Amino acid sequence: MIGVARGLTVGLELRARLADLYCAYDDTLNEGALERWPDLFTEACVYKVLPRENFERGLPVAVIYCESRDMLADRVVALRETALYAPRIARRITSGICLRSIEGGVLCLTANFAVLQTMQDQPSELFLCGSCRDRVVDDGGELRFAERLFIYDSTIVPTSLVYPV
Amino acid sequence: MIGVARGLTVGLELRARLADLYCAYDDTLNEGALERWPDLFTEACVYKVLPRENFERGLPVAVIYCESRDMLADRVVALRETALYAPRIARRITSGICLRSIEGGVLCLTANFAVLQTMQDQPSELFLCGSCRDRVVDDGGELRFAERLFIYDSTIVPTSLVYPV
Amino acid sequence: MIGVARGLTVGLELRARLADLYCAYDDTLNEGALERWPDLFTEACVYKVLPRENFERGLPVAVIYCESRDMLADRVVALRETALYAPRIARRITSGICLRSIEGGVLCLTANFAVLQTMQDQPSELFLCGSCRDRVVDDGGELRFAERLFIYDSTIVPTSLVYPV
């Protein structure tokens, strides 16, 4: 469901387009199609994964920090070619996507996420959960993320954060 | 997604309005904006958090039981000013919201919920899950909950239930 | 939310009908209304629950494998009348339902699922998660599943898989 904050009037078509974008995002990562992931962002963009504590205190430190689509693409190459890690599957659950405001063509949304991780020969477990703060724009007819912050609830640094959230 | 039970015909606009209400509910609690929470209910309302066992046997005992918007507001004041508890974050996941019937202007819905809780310096964990039984009405142009039951699956009493579900 | 893959144009009405079908599926199993479960499938249908490993290698072995609505009904009878198992509640979370293609009247969708299980006097826990690969058709005016594959992420066989996923 795409919800819209009180006071905002938004057509059903835009809700559907937003649903498509969020769905494409989860789908791309769930399928492990990392090469298609950067295309969901604008060329200049911000992508961060950071603990709630840092976000609330305005501390800039993030576990993952990319400032352009090229940096996202670099990250994918690094993951594919150089990183060493035990095989795992990350399964994403997204809930409560909410369009909170529209500021000069920028759609500001929040959402909740959970990542369920499965390591080989182990049961699936809750790996990370938190909220998203997103800025979405119409980028030449296609909705794309100009900013995606994944703010996770735990204060423990997820050292085994391999795939993008 | 807002689903509608077979046999029921419901316009897309109403689905969207319901999505907005459910989204606002989760959003309010996720953001810790407890002061805005009672406004999502009608003035006379029922809010209960109770174990499935009690619900199925028709036993009235509930872990949380409020019968008016004022009681909800009282609860928020108590939480803010008197309650002592370790800091925690509750993250809500809602799924499968289903409009099952409309009885004399009252919309009867069910949904599934999970609450993921994070205590300081601990990993996030599944805290509570279950189903909602809700009654929603148009309250002067605004959809509000006339009744919200959170029926959790576990028979263990969640002693550490601090925030409203 | 029902998302639609890029390049596909789908009306809001069809999205709503799909939301209704997925909602009815989860609702039926969450409520334990197993007798209504087979009616969500076409008469000739495929229903499988299998590990991701087998799916990816094309191995046919599945934990549950039914090839018709009648086999689904048989399974329900067996569950009700002969199976012995400790009481439990299975709570379903569905996320990211995505219509990926339409091939000759067959709607191909993917989705993510998590099953949260609660045994008596125990806390709720994450039991299974994974992705669905579904084929949906219009079966005389009613959308029904012609195929539902539940591909779970763990390589551990869930020996205690009692209820259908």
# chains A, B, ... in the order shown; residues from 1 in each chain; ligands from 1
call {"tool": "calpha_fit_and_write", "arguments": {"fixed": "chain B", "moving": "chain C", "output": "short mmCIF file (atom, residue, chain, number, x, y, z; two decimals) with N, CA and C atoms, in the first residue's frame"}}
result
data_model
loop_
_atom_site.label_atom_id
_atom_site.label_comp_id
_atom_site.auth_asym_id
_atom_site.auth_seq_id
_atom_site.Cartn_x
_atom_site.Cartn_y
_atom_site.Cartn_z
N MET C 1 -0.99 -3.20 0.23
CA MET C 1 -2.16 -3.52 -0.59
C MET C 1 -3.41 -3.57 0.29
N ILE C 2 -4.46 -2.96 -0.20
CA ILE C 2 -5.76 -3.10 0.45
C ILE C 2 -6.55 -4.08 -0.41
N GLY C 3 -6.86 -5.21 0.11
CA GLY C 3 -7.67 -6.17 -0.61
C GLY C 3 -9.12 -6.06 -0.17
N VAL C 4 -10.00 -6.56 -1.00
CA VAL C 4 -11.43 -6.51 -0.71
C VAL C 4 -11.98 -7.92 -0.85
N ALA C 5 -12.78 -8.35 0.11
CA ALA C 5 -13.31 -9.72 0.09
C ALA C 5 -14.23 -9.93 -1.10
N ARG C 6 -14.30 -11.17 -1.58
CA ARG C 6 -15.17 -11.52 -2.70
C ARG C 6 -16.61 -11.10 -2.43
N GLY C 7 -17.25 -10.60 -3.45
CA GLY C 7 -18.66 -10.23 -3.31
C GLY C 7 -18.86 -8.78 -2.94
N LEU C 8 -17.75 -8.12 -2.57
CA LEU C 8 -17.82 -6.72 -2.17
C LEU C 8 -17.30 -5.87 -3.33
N THR C 9 -18.01 -4.81 -3.65
CA THR C 9 -17.52 -3.90 -4.69
C THR C 9 -17.17 -2.57 -4.04
N VAL C 10 -15.93 -2.17 -4.21
CA VAL C 10 -15.44 -0.99 -3.52
C VAL C 10 -14.60 -0.18 -4.49
N GLY C 11 -14.82 1.12 -4.55
CA GLY C 11 -14.10 1.97 -5.48
C GLY C 11 -12.64 2.13 -5.09
N LEU C 12 -11.85 2.52 -6.08
CA LEU C 12 -10.42 2.70 -5.85
C LEU C 12 -10.15 3.83 -4.87
N GLU C 13 -11.01 4.85 -4.86
CA GLU C 13 -10.80 5.98 -3.96
C GLU C 13 -10.87 5.56 -2.49
N LEU C 14 -11.84 4.69 -2.19
CA LEU C 14 -11.98 4.24 -0.81
C LEU C 14 -10.79 3.37 -0.40
N ARG C 15 -10.34 2.54 -1.32
CA ARG C 15 -9.12 1.76 -1.04
C ARG C 15 -7.96 2.69 -0.69
N ALA C 16 -7.83 3.77 -1.46
CA ALA C 16 -6.73 4.70 -1.23
C ALA C 16 -6.87 5.39 0.13
N ARG C 17 -8.09 5.76 0.47
CA ARG C 17 -8.30 6.42 1.76
C ARG C 17 -7.98 5.47 2.91
N LEU C 18 -8.33 4.21 2.74
CA LEU C 18 -8.01 3.22 3.77
C LEU C 18 -6.50 3.02 3.89
N ALA C 19 -5.85 2.97 2.74
CA ALA C 19 -4.38 2.85 2.75
C ALA C 19 -3.78 4.02 3.53
N ASP C 20 -4.32 5.20 3.31
CA ASP C 20 -3.81 6.38 4.02
C ASP C 20 -3.98 6.24 5.53
N LEU C 21 -5.14 5.73 5.95
CA LEU C 21 -5.39 5.60 7.39
C LEU C 21 -4.42 4.60 8.03
N TYR C 22 -4.28 3.45 7.41
CA TYR C 22 -3.38 2.43 7.97
C TYR C 22 -1.94 2.91 7.97
N CYS C 23 -1.60 3.60 6.92
CA CYS C 23 -0.25 4.14 6.81
C CYS C 23 0.00 5.18 7.90
N ALA C 24 -0.99 6.03 8.12
CA ALA C 24 -0.85 7.08 9.14
C ALA C 24 -0.70 6.44 10.52
N TYR C 25 -1.41 5.35 10.73
CA TYR C 25 -1.33 4.67 12.03
C TYR C 25 0.09 4.16 12.29
N ASP C 26 0.59 3.39 11.34
CA ASP C 26 1.94 2.84 11.51
C ASP C 26 2.98 3.95 11.61
N ASP C 27 2.80 4.94 10.78
CA ASP C 27 3.74 6.04 10.73
C ASP C 27 3.81 6.78 12.06
N THR C 28 2.65 7.04 12.63
CA THR C 28 2.57 7.77 13.89
C THR C 28 3.33 7.03 14.99
N LEU C 29 3.12 5.72 15.07
CA LEU C 29 3.78 4.96 16.13
C LEU C 29 5.25 4.73 15.81
N ASN C 30 5.57 4.50 14.56
CA ASN C 30 6.97 4.30 14.20
C ASN C 30 7.80 5.54 14.50
N GLU C 31 7.21 6.68 14.28
CA GLU C 31 7.93 7.93 14.51
C GLU C 31 7.95 8.31 15.99
N GLY C 32 7.23 7.53 16.82
CA GLY C 32 7.15 7.88 18.23
C GLY C 32 6.31 9.12 18.48
N ALA C 33 5.45 9.47 17.51
CA ALA C 33 4.61 10.67 17.64
C ALA C 33 3.32 10.28 18.36
N LEU C 34 3.47 9.81 19.59
CA LEU C 34 2.33 9.25 20.34
C LEU C 34 1.20 10.25 20.52
N GLU C 35 1.54 11.51 20.61
CA GLU C 35 0.50 12.53 20.85
C GLU C 35 -0.51 12.58 19.70
N ARG C 36 -0.09 12.19 18.51
CA ARG C 36 -1.01 12.21 17.37
C ARG C 36 -1.81 10.91 17.23
N TRP C 37 -1.44 9.93 18.01
CA TRP C 37 -2.05 8.60 17.91
C TRP C 37 -3.56 8.60 18.24
N PRO C 38 -4.00 9.24 19.34
CA PRO C 38 -5.44 9.17 19.66
C PRO C 38 -6.33 9.78 18.58
N ASP C 39 -5.82 10.71 17.82
CA ASP C 39 -6.63 11.37 16.79
C ASP C 39 -7.01 10.42 15.65
N LEU C 40 -6.39 9.26 15.60
CA LEU C 40 -6.73 8.30 14.56
C LEU C 40 -7.96 7.48 14.95
N PHE C 41 -8.45 7.72 16.17
CA PHE C 41 -9.63 6.99 16.66
C PHE C 41 -10.81 7.96 16.80
N THR C 42 -12.01 7.39 16.76
CA THR C 42 -13.19 8.21 17.06
C THR C 42 -13.23 8.49 18.57
N GLU C 43 -14.06 9.45 18.97
CA GLU C 43 -14.08 9.86 20.38
C GLU C 43 -14.49 8.69 21.29
N ALA C 44 -15.57 8.02 20.92
CA ALA C 44 -15.89 6.76 21.61
C ALA C 44 -15.28 5.66 20.75
N CYS C 45 -14.40 4.87 21.34
CA CYS C 45 -13.72 3.86 20.53
C CYS C 45 -13.31 2.71 21.43
N VAL C 46 -12.90 1.64 20.81
CA VAL C 46 -12.37 0.51 21.57
C VAL C 46 -10.98 0.19 21.03
N TYR C 47 -10.02 0.10 21.91
CA TYR C 47 -8.66 -0.28 21.53
C TYR C 47 -8.20 -1.35 22.50
N LYS C 48 -7.86 -2.51 21.97
CA LYS C 48 -7.43 -3.61 22.83
C LYS C 48 -6.23 -4.32 22.25
N VAL C 49 -5.36 -4.76 23.12
CA VAL C 49 -4.29 -5.68 22.75
C VAL C 49 -4.51 -6.92 23.59
N LEU C 50 -4.74 -8.05 22.97
CA LEU C 50 -5.08 -9.25 23.75
C LEU C 50 -4.58 -10.51 23.06
N PRO C 51 -4.36 -11.57 23.85
CA PRO C 51 -3.88 -12.83 23.25
C PRO C 51 -5.01 -13.52 22.49
N ARG C 52 -4.62 -14.23 21.44
CA ARG C 52 -5.58 -14.95 20.59
C ARG C 52 -6.48 -15.88 21.41
N GLU C 53 -5.87 -16.51 22.40
CA GLU C 53 -6.63 -17.44 23.25
C GLU C 53 -7.85 -16.76 23.87
N ASN C 54 -7.62 -15.59 24.46
CA ASN C 54 -8.72 -14.87 25.10
C ASN C 54 -9.75 -14.43 24.08
N PHE C 55 -9.28 -13.97 22.94
CA PHE C 55 -10.21 -13.52 21.91
C PHE C 55 -11.11 -14.66 21.47
N GLU C 56 -10.52 -15.83 21.24
CA GLU C 56 -11.30 -16.94 20.71
C GLU C 56 -12.28 -17.52 21.73
N ARG C 57 -11.91 -17.44 23.01
CA ARG C 57 -12.82 -17.94 24.05
C ARG C 57 -13.79 -16.86 24.53
N GLY C 58 -13.66 -15.67 23.96
CA GLY C 58 -14.56 -14.59 24.38
C GLY C 58 -14.22 -14.03 25.76
N LEU C 59 -13.00 -14.30 26.23
CA LEU C 59 -12.58 -13.76 27.54
C LEU C 59 -12.21 -12.29 27.37
N PRO C 60 -12.66 -11.45 28.28
CA PRO C 60 -12.47 -10.01 28.08
C PRO C 60 -11.07 -9.51 28.43
N VAL C 61 -10.27 -10.32 29.12
CA VAL C 61 -8.99 -9.80 29.63
C VAL C 61 -8.06 -9.41 28.48
N ALA C 62 -7.56 -8.18 28.57
CA ALA C 62 -6.65 -7.66 27.55
C ALA C 62 -5.45 -7.04 28.24
N VAL C 63 -4.32 -7.05 27.56
CA VAL C 63 -3.11 -6.44 28.12
C VAL C 63 -3.24 -4.91 28.11
N ILE C 64 -3.85 -4.40 27.08
CA ILE C 64 -4.20 -2.96 27.03
C ILE C 64 -5.67 -2.88 26.64
N TYR C 65 -6.40 -2.02 27.31
CA TYR C 65 -7.84 -1.89 27.06
C TYR C 65 -8.23 -0.42 27.25
N CYS C 66 -8.62 0.22 26.17
CA CYS C 66 -9.08 1.61 26.26
C CYS C 66 -10.45 1.70 25.59
N GLU C 67 -11.32 2.55 26.17
CA GLU C 67 -12.68 2.65 25.64
C GLU C 67 -13.04 4.04 25.11
N SER C 68 -12.07 4.90 25.01
CA SER C 68 -12.34 6.23 24.45
C SER C 68 -11.03 6.87 24.03
N ARG C 69 -11.17 7.90 23.21
CA ARG C 69 -9.99 8.64 22.78
C ARG C 69 -9.27 9.26 23.97
N ASP C 70 -10.05 9.67 24.97
CA ASP C 70 -9.45 10.26 26.17
C ASP C 70 -8.58 9.25 26.92
N MET C 71 -9.03 8.00 26.95
CA MET C 71 -8.22 6.98 27.63
C MET C 71 -6.92 6.73 26.88
N LEU C 72 -7.00 6.83 25.56
CA LEU C 72 -5.77 6.69 24.76
C LEU C 72 -4.81 7.84 25.07
N ALA C 73 -5.38 9.05 25.18
CA ALA C 73 -4.55 10.22 25.48
C ALA C 73 -3.93 10.08 26.87
N ASP C 74 -4.71 9.58 27.83
CA ASP C 74 -4.19 9.36 29.19
C ASP C 74 -2.99 8.41 29.16
N ARG C 75 -3.16 7.39 28.36
CA ARG C 75 -2.09 6.39 28.25
C ARG C 75 -0.79 7.02 27.73
N VAL C 76 -0.95 7.91 26.79
CA VAL C 76 0.23 8.58 26.24
C VAL C 76 0.90 9.44 27.31
N VAL C 77 0.09 10.18 28.07
CA VAL C 77 0.64 11.01 29.15
C VAL C 77 1.38 10.15 30.16
N ALA C 78 0.77 9.03 30.54
CA ALA C 78 1.40 8.13 31.51
C ALA C 78 2.74 7.64 30.98
N LEU C 79 2.75 7.28 29.70
CA LEU C 79 3.98 6.79 29.08
C LEU C 79 5.07 7.85 29.09
N ARG C 80 4.66 9.06 28.77
CA ARG C 80 5.63 10.15 28.67
C ARG C 80 6.14 10.58 30.04
N GLU C 81 5.26 10.54 31.05
CA GLU C 81 5.62 11.20 32.30
C GLU C 81 5.90 10.29 33.47
N THR C 82 5.31 9.12 33.50
CA THR C 82 5.49 8.32 34.71
C THR C 82 6.13 6.95 34.47
N ALA C 83 5.92 6.38 33.30
CA ALA C 83 6.41 5.02 33.11
C ALA C 83 7.94 4.97 33.06
N LEU C 84 8.48 3.90 33.62
CA LEU C 84 9.92 3.66 33.60
C LEU C 84 10.18 2.45 32.72
N TYR C 85 11.01 2.60 31.75
CA TYR C 85 11.31 1.45 30.91
C TYR C 85 12.61 1.69 30.16
N ALA C 86 13.26 0.61 29.81
CA ALA C 86 14.50 0.71 29.04
C ALA C 86 14.17 1.21 27.63
N PRO C 87 15.04 2.05 27.08
CA PRO C 87 14.77 2.57 25.74
C PRO C 87 14.70 1.45 24.71
N ARG C 88 13.80 1.61 23.77
CA ARG C 88 13.60 0.58 22.74
C ARG C 88 12.98 1.24 21.52
N ILE C 89 13.09 0.57 20.41
CA ILE C 89 12.42 1.03 19.20
C ILE C 89 11.51 -0.10 18.73
N ALA C 90 10.28 0.26 18.44
CA ALA C 90 9.33 -0.73 17.91
C ALA C 90 9.07 -0.38 16.46
N ARG C 91 9.28 -1.36 15.61
CA ARG C 91 9.11 -1.17 14.16
C ARG C 91 7.94 -2.03 13.71
N ARG C 92 7.01 -1.45 13.01
CA ARG C 92 5.78 -2.16 12.67
C ARG C 92 5.76 -2.58 11.21
N ILE C 93 5.33 -3.80 10.99
CA ILE C 93 5.11 -4.30 9.64
C ILE C 93 3.63 -4.69 9.54
N THR C 94 2.94 -4.18 8.55
CA THR C 94 1.53 -4.50 8.35
C THR C 94 1.37 -5.16 6.99
N SER C 95 0.56 -6.17 6.91
CA SER C 95 0.42 -6.93 5.66
C SER C 95 -1.02 -7.41 5.49
N GLY C 96 -1.44 -7.51 4.26
CA GLY C 96 -2.72 -8.17 3.96
C GLY C 96 -3.94 -7.47 4.53
N ILE C 97 -3.98 -6.15 4.46
CA ILE C 97 -5.16 -5.42 4.93
C ILE C 97 -6.34 -5.79 4.03
N CYS C 98 -7.41 -6.24 4.62
CA CYS C 98 -8.54 -6.77 3.85
C CYS C 98 -9.87 -6.21 4.35
N LEU C 99 -10.58 -5.55 3.46
CA LEU C 99 -11.92 -5.06 3.78
C LEU C 99 -12.89 -6.21 3.61
N ARG C 100 -13.47 -6.67 4.71
CA ARG C 100 -14.29 -7.88 4.68
C ARG C 100 -15.78 -7.60 4.56
N SER C 101 -16.23 -6.51 5.10
CA SER C 101 -17.65 -6.20 4.99
C SER C 101 -17.91 -4.74 5.33
N ILE C 102 -19.05 -4.26 4.89
CA ILE C 102 -19.49 -2.91 5.23
C ILE C 102 -20.87 -3.06 5.83
N GLU C 103 -21.00 -2.70 7.10
CA GLU C 103 -22.27 -2.88 7.81
C GLU C 103 -22.77 -1.53 8.31
N GLY C 104 -23.74 -0.98 7.60
CA GLY C 104 -24.33 0.28 8.02
C GLY C 104 -23.32 1.39 8.19
N GLY C 105 -22.47 1.55 7.20
CA GLY C 105 -21.48 2.63 7.26
C GLY C 105 -20.20 2.27 8.00
N VAL C 106 -20.17 1.11 8.62
CA VAL C 106 -18.96 0.68 9.33
C VAL C 106 -18.17 -0.28 8.45
N LEU C 107 -16.92 0.07 8.20
CA LEU C 107 -16.04 -0.78 7.40
C LEU C 107 -15.34 -1.76 8.34
N CYS C 108 -15.51 -3.05 8.09
CA CYS C 108 -14.86 -4.08 8.92
C CYS C 108 -13.65 -4.62 8.18
N LEU C 109 -12.49 -4.51 8.78
CA LEU C 109 -11.25 -4.93 8.14
C LEU C 109 -10.46 -5.87 9.02
N THR C 110 -9.63 -6.68 8.38
CA THR C 110 -8.63 -7.45 9.12
C THR C 110 -7.26 -7.13 8.51
N ALA C 111 -6.24 -7.40 9.27
CA ALA C 111 -4.88 -7.19 8.77
C ALA C 111 -3.94 -8.05 9.61
N ASN C 112 -2.74 -8.23 9.13
CA ASN C 112 -1.72 -8.92 9.91
C ASN C 112 -0.68 -7.92 10.35
N PHE C 113 -0.14 -8.13 11.54
CA PHE C 113 0.89 -7.20 11.99
C PHE C 113 2.04 -7.98 12.61
N ALA C 114 3.20 -7.37 12.54
CA ALA C 114 4.37 -7.85 13.27
C ALA C 114 5.04 -6.63 13.87
N VAL C 115 5.51 -6.77 15.10
CA VAL C 115 6.28 -5.69 15.72
C VAL C 115 7.70 -6.21 15.93
N LEU C 116 8.65 -5.51 15.36
CA LEU C 116 10.06 -5.85 15.52
C LEU C 116 10.64 -4.88 16.55
N GLN C 117 11.24 -5.43 17.57
CA GLN C 117 11.72 -4.56 18.65
C GLN C 117 13.23 -4.57 18.73
N THR C 118 13.78 -3.41 19.01
CA THR C 118 15.23 -3.29 19.16
C THR C 118 15.54 -2.63 20.49
N MET C 119 16.23 -3.35 21.36
CA MET C 119 16.71 -2.78 22.63
C MET C 119 18.13 -2.29 22.37
N GLN C 120 18.56 -1.37 23.22
CA GLN C 120 19.89 -0.79 23.04
C GLN C 120 20.99 -1.87 23.04
N ASP C 121 21.90 -1.74 22.10
CA ASP C 121 23.03 -2.66 21.99
C ASP C 121 22.64 -4.12 21.81
N GLN C 122 21.47 -4.32 21.27
CA GLN C 122 21.05 -5.69 20.98
C GLN C 122 20.54 -5.75 19.55
N PRO C 123 20.57 -6.95 18.97
CA PRO C 123 20.03 -7.05 17.61
C PRO C 123 18.51 -6.90 17.64
N SER C 124 17.94 -6.51 16.52
CA SER C 124 16.48 -6.42 16.39
C SER C 124 15.88 -7.81 16.48
N GLU C 125 14.69 -7.91 17.06
CA GLU C 125 14.05 -9.21 17.09
C GLU C 125 12.54 -9.11 16.93
N LEU C 126 11.97 -10.22 16.52
CA LEU C 126 10.51 -10.30 16.39
C LEU C 126 9.92 -10.29 17.79
N PHE C 127 9.08 -9.31 18.07
CA PHE C 127 8.56 -9.13 19.43
C PHE C 127 7.14 -9.72 19.53
N LEU C 128 6.32 -9.44 18.56
CA LEU C 128 4.91 -9.79 18.63
C LEU C 128 4.38 -9.89 17.21
N CYS C 129 3.48 -10.82 16.98
CA CYS C 129 2.77 -10.83 15.70
C CYS C 129 1.36 -11.34 15.91
N GLY C 130 0.51 -11.05 14.98
CA GLY C 130 -0.89 -11.46 15.11
C GLY C 130 -1.76 -10.80 14.07
N SER C 131 -3.05 -10.75 14.36
CA SER C 131 -3.98 -10.16 13.41
C SER C 131 -4.76 -9.01 14.05
N CYS C 132 -5.20 -8.10 13.22
CA CYS C 132 -6.03 -6.98 13.67
C CYS C 132 -7.47 -7.24 13.24
N ARG C 133 -8.39 -6.82 14.07
CA ARG C 133 -9.82 -6.76 13.68
C ARG C 133 -10.23 -5.32 13.90
N ASP C 134 -10.57 -4.66 12.81
CA ASP C 134 -10.78 -3.22 12.89
C ASP C 134 -12.15 -2.82 12.38
N ARG C 135 -12.67 -1.75 12.95
CA ARG C 135 -13.89 -1.13 12.47
C ARG C 135 -13.58 0.33 12.20
N VAL C 136 -13.80 0.74 10.97
CA VAL C 136 -13.44 2.10 10.54
C VAL C 136 -14.70 2.84 10.11
N VAL C 137 -14.79 4.08 10.48
CA VAL C 137 -15.96 4.89 10.07
C VAL C 137 -15.50 6.23 9.50
N ASP C 138 -16.39 6.82 8.72
CA ASP C 138 -16.16 8.18 8.25
C ASP C 138 -16.64 9.12 9.34
N ASP C 139 -15.71 9.82 9.93
CA ASP C 139 -15.99 10.65 11.10
C ASP C 139 -15.86 12.12 10.68
N GLY C 140 -16.93 12.65 10.09
CA GLY C 140 -16.92 14.04 9.64
C GLY C 140 -15.93 14.27 8.50
N GLY C 141 -15.87 13.31 7.56
CA GLY C 141 -15.01 13.50 6.40
C GLY C 141 -13.64 12.86 6.52
N GLU C 142 -13.33 12.38 7.72
CA GLU C 142 -12.02 11.76 7.99
C GLU C 142 -12.26 10.31 8.41
N LEU C 143 -11.54 9.38 7.81
CA LEU C 143 -11.66 7.99 8.27
C LEU C 143 -10.94 7.84 9.62
N ARG C 144 -11.63 7.18 10.55
CA ARG C 144 -11.01 6.93 11.86
C ARG C 144 -11.39 5.53 12.35
N PHE C 145 -10.57 5.00 13.25
CA PHE C 145 -10.87 3.70 13.85
C PHE C 145 -11.91 3.85 14.95
N ALA C 146 -13.02 3.14 14.82
CA ALA C 146 -13.99 3.06 15.90
C ALA C 146 -13.60 1.89 16.82
N GLU C 147 -12.88 0.95 16.26
CA GLU C 147 -12.39 -0.19 17.04
C GLU C 147 -11.13 -0.74 16.42
N ARG C 148 -10.16 -1.04 17.26
CA ARG C 148 -8.94 -1.72 16.81
C ARG C 148 -8.57 -2.77 17.83
N LEU C 149 -8.64 -4.03 17.41
CA LEU C 149 -8.18 -5.11 18.27
C LEU C 149 -6.89 -5.67 17.72
N PHE C 150 -5.86 -5.71 18.55
CA PHE C 150 -4.61 -6.38 18.17
C PHE C 150 -4.58 -7.72 18.90
N ILE C 151 -4.75 -8.77 18.13
CA ILE C 151 -4.84 -10.12 18.71
C ILE C 151 -3.53 -10.82 18.42
N TYR C 152 -2.70 -10.96 19.45
CA TYR C 152 -1.38 -11.52 19.18
C TYR C 152 -1.38 -13.03 19.34
N ASP C 153 -0.48 -13.68 18.62
CA ASP C 153 -0.52 -15.14 18.48
C ASP C 153 0.05 -15.88 19.68
N SER C 154 0.99 -15.27 20.37
CA SER C 154 1.67 -15.98 21.45
C SER C 154 0.78 -16.03 22.69
N THR C 155 0.95 -17.09 23.48
CA THR C 155 0.22 -17.14 24.74
C THR C 155 1.03 -16.52 25.87
N ILE C 156 2.26 -16.20 25.58
CA ILE C 156 3.12 -15.55 26.58
C ILE C 156 2.72 -14.08 26.68
N VAL C 157 2.51 -13.62 27.90
CA VAL C 157 2.15 -12.21 28.08
C VAL C 157 3.39 -11.35 27.85
N PRO C 158 3.30 -10.40 26.93
CA PRO C 158 4.48 -9.56 26.68
C PRO C 158 4.61 -8.51 27.79
N THR C 159 5.32 -8.88 28.84
CA THR C 159 5.44 -8.01 30.02
C THR C 159 6.10 -6.68 29.67
N SER C 160 6.89 -6.73 28.61
CA SER C 160 7.62 -5.51 28.28
C SER C 160 6.89 -4.70 27.21
N LEU C 161 5.59 -4.86 27.13
CA LEU C 161 4.81 -4.09 26.15
C LEU C 161 4.68 -2.66 26.66
N VAL C 162 5.50 -1.80 26.17
CA VAL C 162 5.54 -0.42 26.65
C VAL C 162 4.72 0.48 25.74
N TYR C 163 5.10 0.53 24.49
CA TYR C 163 4.41 1.39 23.54
C TYR C 163 3.13 0.73 23.04
N PRO C 164 2.17 1.52 22.63
CA PRO C 164 0.98 0.92 22.02
C PRO C 164 1.37 0.15 20.76
N VAL C 165 0.59 -0.87 20.48
CA VAL C 165 0.85 -1.66 19.26
C VAL C 165 0.20 -0.94 18.08
#
call {"tool": "select_by_dssp", "arguments": {"residues": "chain C", "states": "alpha helix (DSSP H)", "output": "ChimeraX atom specification"}}
result
/C:12-30,52-57,69-81
call {"tool": "select_by_dssp", "arguments": {"residues": "chain B", "states": "strand (DSSP E)", "output": "ChimeraX atom specification"}}
result
/B:2-4,41-51,64-68,88-103,106-119,125-139,142-152
